[in-house]
Amino acid sequence: MSGNREIRIPFGALQRLAEAVLCRAGSEPDEARVVAEHLVRANLAGHDSHGVGMIPYYVRFVGEGLLHPNTPARLLADEGPILRFEGGRGYGQRVAREAIAAGIERCRALGVSVVTLRHAHHVGRVGTYGEQAAEGGLVSLHWVNVQDHPPLMAPFRGGDARFGTNPVCVTIPRPGREGPILLDMATSRIALGKVRLLMNKGELVPEGHLVDEEGRPTQDPKVMFRQDRRGALLPVGEHKGYGLALVAELLAGVLSGGGTIQPAIPRKGAIVNNLFSVLIDPGRFGDPEWMQAEIDAMVAYAKASPPAQPAEPVLVAGEPERLAAAERQRHGIPVDAVTWEEILEAGERVGLGRGEALALAGLDSEKG
């Protein structure tokens, strides 16, 4: 495989490869399965920035002692509707899943629960936890902040980075329908992982998304990956995205007890997340049938707006991911040449030979 050509790998094959690398990096099989499935499902949903391209970073962070395999979520406090957890730099995909599972159980008992998680390694695609709650019939709201990593996003009117991309997620279940309403968004105009993918493909970032180390507008993705002075992502919606980022920073960082990205807290160079989540049982608020009918009517009303571009109908949050998943289930998950080579090299560093990796992915040596 050469140049910027991409390959397409079936979901199951890509998950087998991801599991194998994570196991060789020290995870027990069950943990490797949870993390790998999360990553590959992010790819499936079209969120390649949070998919298997993270594996080389995870392998490096394990080697540097900044990511601790086989670490479960540890309950710090149980105060009825409030559950507080410590992540211990364990895989975020595991510890966040465990914390949200406990929150779902408590919400079913009480009608509402609030879950905090501190010091988790990268939790990945936050929409996964919204989906987890929606599968249990619950409304959920999630805020995340980032530590241990240089800041990535500038505040509105600022010329350098002061925040992570601080995602916000809101999920509303729609039992028996195609899927939940799932708003999952970074508070930056573009996620750092998407900038990385554009760099790997040799492409430019769209205008208005980045500034360089001098605070000047740029389309060069490399400014985000320099070792000395870096550029900065810009907030979505200018002051509005900045406001959301600040709220996420404070809710997740302060209420979890994990802290914020302010520089008095040491940065070791990995990715640590804190999470603040609220789960709500909608059945406690009225007639579920009326609620669902009203949701359906509102969705239909919004989607009936005449499209500004005939080939691009109005969608609701969650639909782009479902459309991407349907296409990628049929045709495979695309992986660009640079990312693919990085994954193979990460496997080799933990003892997974290239030939074995290619076989797991269902590829021959010529395609690899």
# chains A, B, ... in the order shown; residues from 1 in each chain; ligands from 1
$ residues_around --residues "His38 in chain A" --least-positions-apart "5" --cutoff "12 Å" --atoms "only C-alpha atoms" --output "PyMOL selection string"
chain A and resi 11+14-15+18-19+31-33+43-45+47-48+50-52+54-55+91-94+96-97+122-129+131-132
$ write_last_selection --atoms "C-alpha atoms" --output "mmCIF file, in the first residue's frame"
data_model
loop_
_atom_site.group_PDB
_atom_site.id
_atom_site.type_symbol
_atom_site.label_atom_id
_atom_site.label_comp_id
_atom_site.auth_asym_id
_atom_site.auth_seq_id
_atom_site.Cartn_x
_atom_site.Cartn_y
_atom_site.Cartn_z
ATOM 1 C CA PHE A 11 -15.966 -4.189 10.516
ATOM 2 C CA LEU A 14 -10.782 -4.474 11.705
ATOM 3 C CA GLN A 15 -12.061 -5.266 15.189
ATOM 4 C CA ALA A 18 -7.584 -3.921 16.946
ATOM 5 C CA GLU A 19 -8.215 -6.512 19.668
ATOM 6 C CA GLU A 31 -10.955 -5.178 27.923
ATOM 7 C CA ALA A 32 -9.390 -5.430 24.476
ATOM 8 C CA ARG A 33 -12.795 -6.372 23.044
ATOM 9 C CA ASN A 43 -15.109 4.402 12.444
ATOM 10 C CA LEU A 44 -18.343 2.747 11.412
ATOM 11 C CA ALA A 45 -20.299 5.853 12.426
ATOM 12 C CA HIS A 47 -16.007 9.417 13.258
ATOM 13 C CA ASP A 48 -12.598 8.260 12.059
ATOM 14 C CA HIS A 50 -11.923 8.629 17.315
ATOM 15 C CA GLY A 51 -11.440 5.265 15.632
ATOM 16 C CA VAL A 52 -8.590 2.810 15.113
ATOM 17 C CA MET A 54 -5.903 6.129 18.042
ATOM 18 C CA ILE A 55 -4.290 2.702 18.535
ATOM 19 C CA TYR A 91 -8.731 2.814 29.148
ATOM 20 C CA GLY A 92 -11.482 5.405 29.012
ATOM 21 C CA GLN A 93 -13.638 3.211 26.801
ATOM 22 C CA ARG A 94 -13.750 0.675 29.631
ATOM 23 C CA ALA A 96 -16.571 5.237 31.221
ATOM 24 C CA ARG A 97 -18.689 2.307 30.058
ATOM 25 C CA HIS A 122 -9.111 8.983 26.488
ATOM 26 C CA VAL A 123 -12.823 8.057 26.629
ATOM 27 C CA GLY A 124 -13.138 8.111 22.829
ATOM 28 C CA ARG A 125 -16.362 8.956 21.054
ATOM 29 C CA VAL A 126 -18.698 10.358 23.720
ATOM 30 C CA GLY A 127 -21.773 9.495 21.636
ATOM 31 C CA THR A 128 -21.110 5.855 22.514
ATOM 32 C CA TYR A 129 -22.163 6.558 26.104
ATOM 33 C CA GLU A 131 -26.131 5.352 22.854
ATOM 34 C CA GLN A 132 -25.514 3.170 25.901
#
$ closest_atom_pairs --of "range 90-123 of chain A" --to "range 260-279 of chain A" --cutoff "6 Å" --atoms "only C-alpha atoms" --output "CSV"
residue,atom,partner,partner_atom,distance
A:Val112,CA,A:Leu279,CA,5.6
A:Ser113,CA,A:Leu279,CA,5.2
A:Val114,CA,A:Val278,CA,4.6
A:Val115,CA,A:Ser277,CA,5.1
A:Thr116,CA,A:Phe276,CA,4.6
A:Leu117,CA,A:Leu275,CA,5.0
A:Arg118,CA,A:Asn274,CA,4.4
A:His119,CA,A:Val272,CA,5.7
A:Ala120,CA,A:Asn273,CA,5.2
A:His121,CA,A:Val272,CA,4.4
A:His122,CA,A:Ile271,CA,5.3
$ atom_distance --atom1 "CA of Val247 in chain A" --atom2 "CA of Gly193 in chain A"
22.1 Å
$ atom_distance --atom1 "CA of Gly164 in chain A" --atom2 "CA of Asp228 in chain A"
17.5 Å
$ closest_residue --among "A:Arg84, A:Lys194, A:Arg89, A:His149" --to "Ser256 in chain A" --atoms "only C-alpha atoms"
A:Arg84
$ residues_around --residues "range 305-318 of chain A" --least-positions-apart "6" --cutoff "9 Å" --atoms "only C-alpha atoms" --output "list in words"
Thr171, Gly179, Pro180, Ile181, Leu182, Leu183, Asp184 and Val299 of chain A
$ write_last_selection --atoms "C-alpha atoms" --output "mmCIF file, in the first residue's frame"
data_model
loop_
_atom_site.group_PDB
_atom_site.id
_atom_site.type_symbol
_atom_site.label_atom_id
_atom_site.label_comp_id
_atom_site.auth_asym_id
_atom_site.auth_seq_id
_atom_site.Cartn_x
_atom_site.Cartn_y
_atom_site.Cartn_z
ATOM 1 C CA THR A 171 -29.201 11.833 23.660
ATOM 2 C CA GLY A 179 -32.341 5.302 16.503
ATOM 3 C CA PRO A 180 -32.100 8.021 19.151
ATOM 4 C CA ILE A 181 -31.662 11.727 18.676
ATOM 5 C CA LEU A 182 -27.910 11.889 19.302
ATOM 6 C CA LEU A 183 -26.138 15.234 19.421
ATOM 7 C CA ASP A 184 -22.411 14.571 19.870
ATOM 8 C CA VAL A 299 -38.737 15.425 13.962
#
$ atom_distance --atom1 "CA of Arg162 in chain A" --atom2 "CA of Gly243 in chain A"
12.7 Å
$ residues_around --residues "Leu76 in chain A" --least-positions-apart "6" --cutoff "8 Å" --atoms "only C-alpha atoms" --output "ChimeraX atom specification"
/A:83-86
$ write_last_selection --atoms "C-alpha atoms" --output "mmCIF file, in the first residue's frame"
data_model
loop_
_atom_site.group_PDB
_atom_site.id
_atom_site.type_symbol
_atom_site.label_atom_id
_atom_site.label_comp_id
_atom_site.auth_asym_id
_atom_site.auth_seq_id
_atom_site.Cartn_x
_atom_site.Cartn_y
_atom_site.Cartn_z
ATOM 1 C CA LEU A 83 -22.127 8.278 41.782
ATOM 2 C CA ARG A 84 -18.494 9.402 41.646
ATOM 3 C CA PHE A 85 -15.811 7.258 39.985
ATOM 4 C CA GLU A 86 -12.024 7.245 39.624
#
$ select_by_dssp --residues "range 17-164 of chain A" --states "strand (DSSP E)" --output "PyMOL selection string"
chain A and resi 74-79+82-86+112-121+139-147
$ closest_residue --among "A:Ile190, A:Cys107, A:Val211, A:Val338" --to "Arg157 in chain A" --atoms "only C-alpha atoms"
A:Val211
$ residues_around --residues "Glu341 in chain A" --least-positions-apart "2" --cutoff "10 Å" --atoms "only C-alpha atoms" --output "list in words"
Met1, Ser2, Pro56, Val335, Asp336, Ala337, Val338, Thr339, Ile343, Leu344, Glu345, Ala346, Gly347, Arg354 and Gly368 of chain A
$ write_last_selection --atoms "N, CA, C and O atoms" --output "mmCIF file, in the first residue's frame"
data_model
loop_
_atom_site.group_PDB
_atom_site.id
_atom_site.type_symbol
_atom_site.label_atom_id
_atom_site.label_comp_id
_atom_site.auth_asym_id
_atom_site.auth_seq_id
_atom_site.Cartn_x
_atom_site.Cartn_y
_atom_site.Cartn_z
ATOM 1 N N MET A 1 0.859 -1.196 0.000
ATOM 2 C CA MET A 1 0.000 0.000 0.000
ATOM 3 C C MET A 1 0.889 1.238 0.000
ATOM 4 O O MET A 1 1.753 1.395 0.851
ATOM 5 N N SER A 2 0.703 2.126 -0.922
ATOM 6 C CA SER A 2 1.594 3.278 -1.046
ATOM 7 C C SER A 2 0.794 4.535 -1.303
ATOM 8 O O SER A 2 -0.381 4.498 -1.612
ATOM 9 N N PRO A 56 -2.137 3.562 17.644
ATOM 10 C CA PRO A 56 -0.700 3.843 17.822
ATOM 11 C C PRO A 56 -0.407 4.737 19.019
ATOM 12 O O PRO A 56 0.609 4.553 19.709
ATOM 13 N N VAL A 335 -9.528 3.188 5.609
ATOM 14 C CA VAL A 335 -8.359 3.551 6.415
ATOM 15 C C VAL A 335 -7.314 4.096 5.452
ATOM 16 O O VAL A 335 -6.939 3.424 4.484
ATOM 17 N N ASP A 336 -6.838 5.321 5.703
ATOM 18 C CA ASP A 336 -5.859 5.918 4.800
ATOM 19 C C ASP A 336 -4.496 5.256 4.978
ATOM 20 O O ASP A 336 -4.221 4.586 5.987
ATOM 21 N N ALA A 337 -3.610 5.450 4.003
ATOM 22 C CA ALA A 337 -2.326 4.760 3.959
ATOM 23 C C ALA A 337 -1.455 5.059 5.168
ATOM 24 O O ALA A 337 -0.828 4.146 5.737
ATOM 25 N N VAL A 338 -1.382 6.329 5.573
ATOM 26 C CA VAL A 338 -0.519 6.689 6.695
ATOM 27 C C VAL A 338 -1.027 6.075 7.986
ATOM 28 O O VAL A 338 -0.268 5.491 8.766
ATOM 29 N N THR A 339 -2.338 6.183 8.242
ATOM 30 C CA THR A 339 -2.916 5.603 9.452
ATOM 31 C C THR A 339 -2.711 4.099 9.474
ATOM 32 O O THR A 339 -2.368 3.515 10.515
ATOM 33 N N ILE A 343 -0.736 1.843 12.311
ATOM 34 C CA ILE A 343 -1.334 0.731 13.058
ATOM 35 C C ILE A 343 -0.455 -0.508 12.948
ATOM 36 O O ILE A 343 -0.192 -1.210 13.949
ATOM 37 N N LEU A 344 0.028 -0.815 11.751
ATOM 38 C CA LEU A 344 0.896 -1.980 11.572
ATOM 39 C C LEU A 344 2.182 -1.831 12.379
ATOM 40 O O LEU A 344 2.657 -2.792 13.002
ATOM 41 N N GLU A 345 2.755 -0.636 12.392
ATOM 42 C CA GLU A 345 3.977 -0.404 13.156
ATOM 43 C C GLU A 345 3.713 -0.517 14.649
ATOM 44 O O GLU A 345 4.555 -1.044 15.399
ATOM 45 N N ALA A 346 2.556 -0.045 15.117
ATOM 46 C CA ALA A 346 2.199 -0.188 16.526
ATOM 47 C C ALA A 346 2.088 -1.664 16.895
ATOM 48 O O ALA A 346 2.545 -2.091 17.962
ATOM 49 N N GLY A 347 1.484 -2.460 16.012
ATOM 50 C CA GLY A 347 1.409 -3.896 16.251
ATOM 51 C C GLY A 347 2.791 -4.521 16.355
ATOM 52 O O GLY A 347 3.050 -5.354 17.239
ATOM 53 N N ARG A 354 3.711 -8.241 11.147
ATOM 54 C CA ARG A 354 2.952 -7.638 10.052
ATOM 55 C C ARG A 354 2.120 -8.677 9.311
ATOM 56 O O ARG A 354 0.962 -8.432 8.979
ATOM 57 N N GLY A 368 -1.125 -4.826 1.948
ATOM 58 C CA GLY A 368 -0.660 -4.235 3.200
ATOM 59 C C GLY A 368 0.572 -3.414 3.024
ATOM 60 O O GLY A 368 1.031 -2.801 3.973
#
$ select_by_dssp --residues "range 151-327 of chain A" --states "alpha helix (DSSP H)" --output "PDB file with C-alpha atoms, in the first residue's frame"
ATOM      1  CA  LEU A 192      -8.042  17.251  16.391  1.00  0.00           C
ATOM      2  CA  GLY A 193      -8.305  13.687  15.084  1.00  0.00           C
ATOM      3  CA  LYS A 194      -9.869  14.968  11.872  1.00  0.00           C
ATOM      4  CA  VAL A 195      -6.996  17.406  11.465  1.00  0.00           C
ATOM      5  CA  ARG A 196      -4.622  14.447  11.925  1.00  0.00           C
ATOM      6  CA  LEU A 197      -6.445  12.467   9.236  1.00  0.00           C
ATOM      7  CA  LEU A 198      -6.296  15.406   6.815  1.00  0.00           C
ATOM      8  CA  MET A 199      -2.571  15.682   7.477  1.00  0.00           C
ATOM      9  CA  ASN A 200      -2.134  11.949   6.857  1.00  0.00           C
ATOM     10  CA  HIS A 239     -18.412  32.934  21.345  1.00  0.00           C
ATOM     11  CA  LYS A 240     -21.053  30.191  21.605  1.00  0.00           C
ATOM     12  CA  GLY A 241     -18.600  27.325  21.188  1.00  0.00           C
ATOM     13  CA  TYR A 242     -16.190  29.046  23.533  1.00  0.00           C
ATOM     14  CA  GLY A 243     -18.942  29.306  26.138  1.00  0.00           C
ATOM     15  CA  LEU A 244     -19.817  25.626  25.763  1.00  0.00           C
ATOM     16  CA  ALA A 245     -16.144  24.665  26.059  1.00  0.00           C
ATOM     17  CA  LEU A 246     -15.795  26.642  29.279  1.00  0.00           C
ATOM     18  CA  VAL A 247     -18.947  25.082  30.739  1.00  0.00           C
ATOM     19  CA  ALA A 248     -17.722  21.581  29.821  1.00  0.00           C
ATOM     20  CA  GLU A 249     -14.327  22.361  31.353  1.00  0.00           C
ATOM     21  CA  LEU A 250     -15.898  23.390  34.645  1.00  0.00           C
ATOM     22  CA  LEU A 251     -18.661  20.792  34.894  1.00  0.00           C
ATOM     23  CA  ALA A 252     -16.417  17.860  33.992  1.00  0.00           C
ATOM     24  CA  GLY A 253     -13.190  19.076  35.527  1.00  0.00           C
ATOM     25  CA  VAL A 254     -14.451  20.594  38.762  1.00  0.00           C
ATOM     26  CA  LEU A 255     -17.454  18.452  39.724  1.00  0.00           C
ATOM     27  CA  PRO A 288     -44.477   7.765  27.252  1.00  0.00           C
ATOM     28  CA  GLU A 289     -46.765   7.281  24.249  1.00  0.00           C
ATOM     29  CA  TRP A 290     -47.629  10.984  24.109  1.00  0.00           C
ATOM     30  CA  MET A 291     -43.960  11.899  24.508  1.00  0.00           C
ATOM     31  CA  GLN A 292     -42.899   9.650  21.660  1.00  0.00           C
ATOM     32  CA  ALA A 293     -45.663  10.915  19.402  1.00  0.00           C
ATOM     33  CA  GLU A 294     -44.619  14.507  20.110  1.00  0.00           C
ATOM     34  CA  ILE A 295     -40.958  13.704  19.410  1.00  0.00           C
ATOM     35  CA  ASP A 296     -41.931  12.004  16.143  1.00  0.00           C
ATOM     36  CA  ALA A 297     -44.096  14.942  15.122  1.00  0.00           C
ATOM     37  CA  MET A 298     -41.342  17.465  15.855  1.00  0.00           C
ATOM     38  CA  VAL A 299     -38.737  15.425  13.962  1.00  0.00           C
ATOM     39  CA  ALA A 300     -41.069  15.090  10.972  1.00  0.00           C
ATOM     40  CA  TYR A 301     -41.779  18.823  11.033  1.00  0.00           C
ATOM     41  CA  ALA A 302     -38.074  19.719  11.061  1.00  0.00           C
ATOM     42  CA  LYS A 303     -37.207  17.259   8.291  1.00  0.00           C
ATOM     43  CA  GLU A 319     -28.823  10.294  11.302  1.00  0.00           C
ATOM     44  CA  PRO A 320     -25.448  11.079   9.688  1.00  0.00           C
ATOM     45  CA  GLU A 321     -23.862   8.391  11.853  1.00  0.00           C
ATOM     46  CA  ARG A 322     -26.533   5.839  10.935  1.00  0.00           C
ATOM     47  CA  LEU A 323     -26.158   6.616   7.228  1.00  0.00           C
ATOM     48  CA  ALA A 324     -22.386   6.294   7.472  1.00  0.00           C
ATOM     49  CA  ALA A 325     -22.712   2.992   9.324  1.00  0.00           C
ATOM     50  CA  ALA A 326     -25.022   1.555   6.664  1.00  0.00           C
ATOM     51  CA  GLU A 327     -22.593   2.523   3.886  1.00  0.00           C
TER      52      GLU A 327
END
